[in-house]
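Q: There's a structure below that I have some questions on.
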Amino acid sequence: MSGRTRARACPERTCVGCRQRAVKIELLRIVAVEDACVPDPRGTLPGRGAYVHPVPVCLDQAVRRRVFPRALRVPGPLDVMALRRYVEQTHSC
């Protein structure tokens, strides 16, 4: 045997809020649609994506540091109200 494991490696991404690496399925993908950040839980929306833990703390850190326009490579500020509503709904369950 060559010592290789049969388990598949899980892709990792970095949370733009807390800057910690996590398995991709633990993070929420965010995309820019017009002038707003939109949650993409299925990961199927077109365009460049950024990842954040689906908790209010990480979202607040990302908003405070203004990372979404930079991470998504769009000019100007982005509206995060739809994203905030989604995170609050999923986190409260």
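Starting from 1 in every chain, residues are counted up; chains themselves are A, B, ... following the order of the structure tokens, and ligands are numbered from 1 as listed.
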Please identify which residues in chain A DSSP calls strand (DSSP E) from the backbone, and express them as a PyMOL selection string.
A: chain A and resi 12-14+21-23+28-33+36-40+49-52
Q: Would you pick out the contacts of range 65-73 of chain A at 8 Å or less, using only C-alpha atoms, so that residues sharing its chain but fewer than 2 positions from it are not included, and give the list as an NGL selection string?
A: :A and (16-17 or 31-32 or 37 or 48-50 or 61-63 or 75-78)
Q: Based on the backbone DSSP call, show me all residues of chain A assigned alpha helix (DSSP H), as a list in words.
A: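 Reading the DSSP output for chain A, alpha helix (DSSP H) covers Pro56, Val57, Cys58, Leu59, Asp60, Gln61, Ala62, Val63, Arg64, Phe68, Pro69, Arg70, Ala71, Leu72, Met81, Ala82, Leu83, Arg84, Arg85, Tyr86, Val87, Glu88, Gln89, Thr90, His91 and Ser92 of chain A.
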Q: Go ahead and dump the residues you just picked, N, CA and C atoms, as an mmCIF file, in the first residue's frame.
A:
data_model
loop_
_atom_site.group_PDB
_atom_site.id
_atom_site.type_symbol
_atom_site.label_atom_id
_atom_site.label_comp_id
_atom_site.auth_asym_id
_atom_site.auth_seq_id
_atom_site.Cartn_x
_atom_site.Cartn_y
_atom_site.Cartn_z
ATOM 1 N N PRO A 56 -24.421 35.645 13.254
ATOM 2 C CA PRO A 56 -24.386 37.116 13.265
ATOM 3 C C PRO A 56 -23.022 37.701 13.612
ATOM 4 N N VAL A 57 -22.244 37.036 14.449
ATOM 5 C CA VAL A 57 -20.942 37.581 14.855
ATOM 6 C C VAL A 57 -20.017 37.747 13.650
ATOM 7 N N CYS A 58 -19.897 36.718 12.842
ATOM 8 C CA CYS A 58 -19.021 36.786 11.672
ATOM 9 C C CYS A 58 -19.555 37.782 10.641
ATOM 10 N N LEU A 59 -20.863 37.811 10.473
ATOM 11 C CA LEU A 59 -21.454 38.761 9.537
ATOM 12 C C LEU A 59 -21.175 40.192 9.986
ATOM 13 N N ASP A 60 -21.326 40.472 11.277
ATOM 14 C CA ASP A 60 -21.056 41.815 11.800
ATOM 15 C C ASP A 60 -19.598 42.205 11.607
ATOM 16 N N GLN A 61 -18.684 41.269 11.824
ATOM 17 C CA GLN A 61 -17.261 41.562 11.616
ATOM 18 C C GLN A 61 -16.980 41.895 10.157
ATOM 19 N N ALA A 62 -17.579 41.141 9.255
ATOM 20 C CA ALA A 62 -17.366 41.382 7.827
ATOM 21 C C ALA A 62 -17.921 42.735 7.412
ATOM 22 N N VAL A 63 -19.099 43.091 7.924
ATOM 23 C CA VAL A 63 -19.705 44.381 7.582
ATOM 24 C C VAL A 63 -18.866 45.518 8.171
ATOM 25 N N ARG A 64 -18.434 45.357 9.418
ATOM 26 C CA ARG A 64 -17.641 46.396 10.081
ATOM 27 C C ARG A 64 -16.334 46.646 9.334
ATOM 28 N N PHE A 68 -17.013 42.898 1.958
ATOM 29 C CA PHE A 68 -17.797 42.334 0.859
ATOM 30 C C PHE A 68 -17.492 42.975 -0.499
ATOM 31 N N PRO A 69 -17.429 44.300 -0.617
ATOM 32 C CA PRO A 69 -17.076 44.852 -1.935
ATOM 33 C C PRO A 69 -15.692 44.397 -2.418
ATOM 34 N N ARG A 70 -14.752 44.291 -1.493
ATOM 35 C CA ARG A 70 -13.400 43.848 -1.859
ATOM 36 C C ARG A 70 -13.391 42.391 -2.272
ATOM 37 N N ALA A 71 -14.023 41.535 -1.465
ATOM 38 C CA ALA A 71 -14.013 40.097 -1.732
ATOM 39 C C ALA A 71 -14.768 39.758 -3.014
ATOM 40 N N LEU A 72 -15.843 40.487 -3.268
ATOM 41 C CA LEU A 72 -16.664 40.207 -4.448
ATOM 42 C C LEU A 72 -16.242 41.028 -5.654
ATOM 43 N N MET A 81 -28.888 43.798 3.902
ATOM 44 C CA MET A 81 -30.116 43.531 4.648
ATOM 45 C C MET A 81 -30.677 42.134 4.361
ATOM 46 N N ALA A 82 -30.714 41.712 3.104
ATOM 47 C CA ALA A 82 -31.219 40.373 2.764
ATOM 48 C C ALA A 82 -30.329 39.299 3.391
ATOM 49 N N LEU A 83 -29.054 39.527 3.380
ATOM 50 C CA LEU A 83 -28.102 38.588 3.980
ATOM 51 C C LEU A 83 -28.302 38.534 5.491
ATOM 52 N N ARG A 84 -28.464 39.674 6.124
ATOM 53 C CA ARG A 84 -28.659 39.726 7.577
ATOM 54 C C ARG A 84 -29.948 39.003 7.978
ATOM 55 N N ARG A 85 -31.041 39.218 7.207
ATOM 56 C CA ARG A 85 -32.301 38.527 7.483
ATOM 57 C C ARG A 85 -32.132 37.014 7.383
ATOM 58 N N TYR A 86 -31.438 36.558 6.357
ATOM 59 C CA TYR A 86 -31.221 35.127 6.163
ATOM 60 C C TYR A 86 -30.426 34.534 7.328
ATOM 61 N N VAL A 87 -29.357 35.191 7.735
ATOM 62 C CA VAL A 87 -28.519 34.682 8.823
ATOM 63 C C VAL A 87 -29.302 34.652 10.129
ATOM 64 N N GLU A 88 -30.079 35.689 10.400
ATOM 65 C CA GLU A 88 -30.856 35.715 11.638
ATOM 66 C C GLU A 88 -31.938 34.627 11.649
ATOM 67 N N GLN A 89 -32.550 34.347 10.501
ATOM 68 C CA GLN A 89 -33.571 33.304 10.426
ATOM 69 C C GLN A 89 -32.955 31.921 10.612
ATOM 70 N N THR A 90 -31.841 31.657 9.982
ATOM 71 C CA THR A 90 -31.226 30.333 10.083
ATOM 72 C C THR A 90 -30.553 30.130 11.424
ATOM 73 N N HIS A 91 -30.040 31.192 12.022
ATOM 74 C CA HIS A 91 -29.333 31.066 13.302
ATOM 75 C C HIS A 91 -30.313 30.882 14.465
ATOM 76 N N SER A 92 -31.514 31.411 14.333
ATOM 77 C CA SER A 92 -32.490 31.310 15.430
ATOM 78 C C SER A 92 -33.130 29.933 15.517
#
Q: Just the residues within 12 Å of Cys10 in chain A, please, counting only C-alpha atoms, with nothing from its chain fewer than 4 positions along; format it as a PyMOL selection string.
A: chain A and resi 21-26
Q: Residues of the last selection are to be written out with C-alpha atoms, as a compact mmCIF listing (two decimals), in the first residue's frame.
A:
# COMPACT_ATOMS: atom_id res chain seq x y z
CA ARG A 21 -10.57 28.38 7.55
CA ALA A 22 -13.47 25.93 7.63
CA VAL A 23 -14.93 23.15 5.54
CA LYS A 24 -16.91 24.61 2.67
CA ILE A 25 -20.22 23.04 3.77
CA GLU A 26 -20.02 24.85 7.14
Q: Between CA of His53 in chain A and CA of Arg29 in chain A, measure the distance and give it in Å to one decimal.
A: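 Separation of CA of His53 in chain A and CA of Arg29 in chain A: 8.9 Å.
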Q: Find the residue from A:Ala36, A:Leu45, A:Leu27, A:Val80 that sits nearest to Glu12 in chain A; use only C-alpha atoms when measuring.
A: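 Closest candidate: A:Leu27.
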Q: In Å, rounded to a single decimal, give me how far CA of Val55 in chain A is from CA of Ala7 in chain A.
A: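 Between CA of Ala7 in chain A and CA of Val55 in chain A the gap is 28.9 Å.
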Q: Using only C-alpha atoms, which residue out of A:Val74, A:Asp79, A:Tyr51, A:Pro46 lies closest to Thr14 in chain A?
A: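 When distances to Thr14 in chain A are compared using only C-alpha atoms, the smallest one comes from A:Tyr51.
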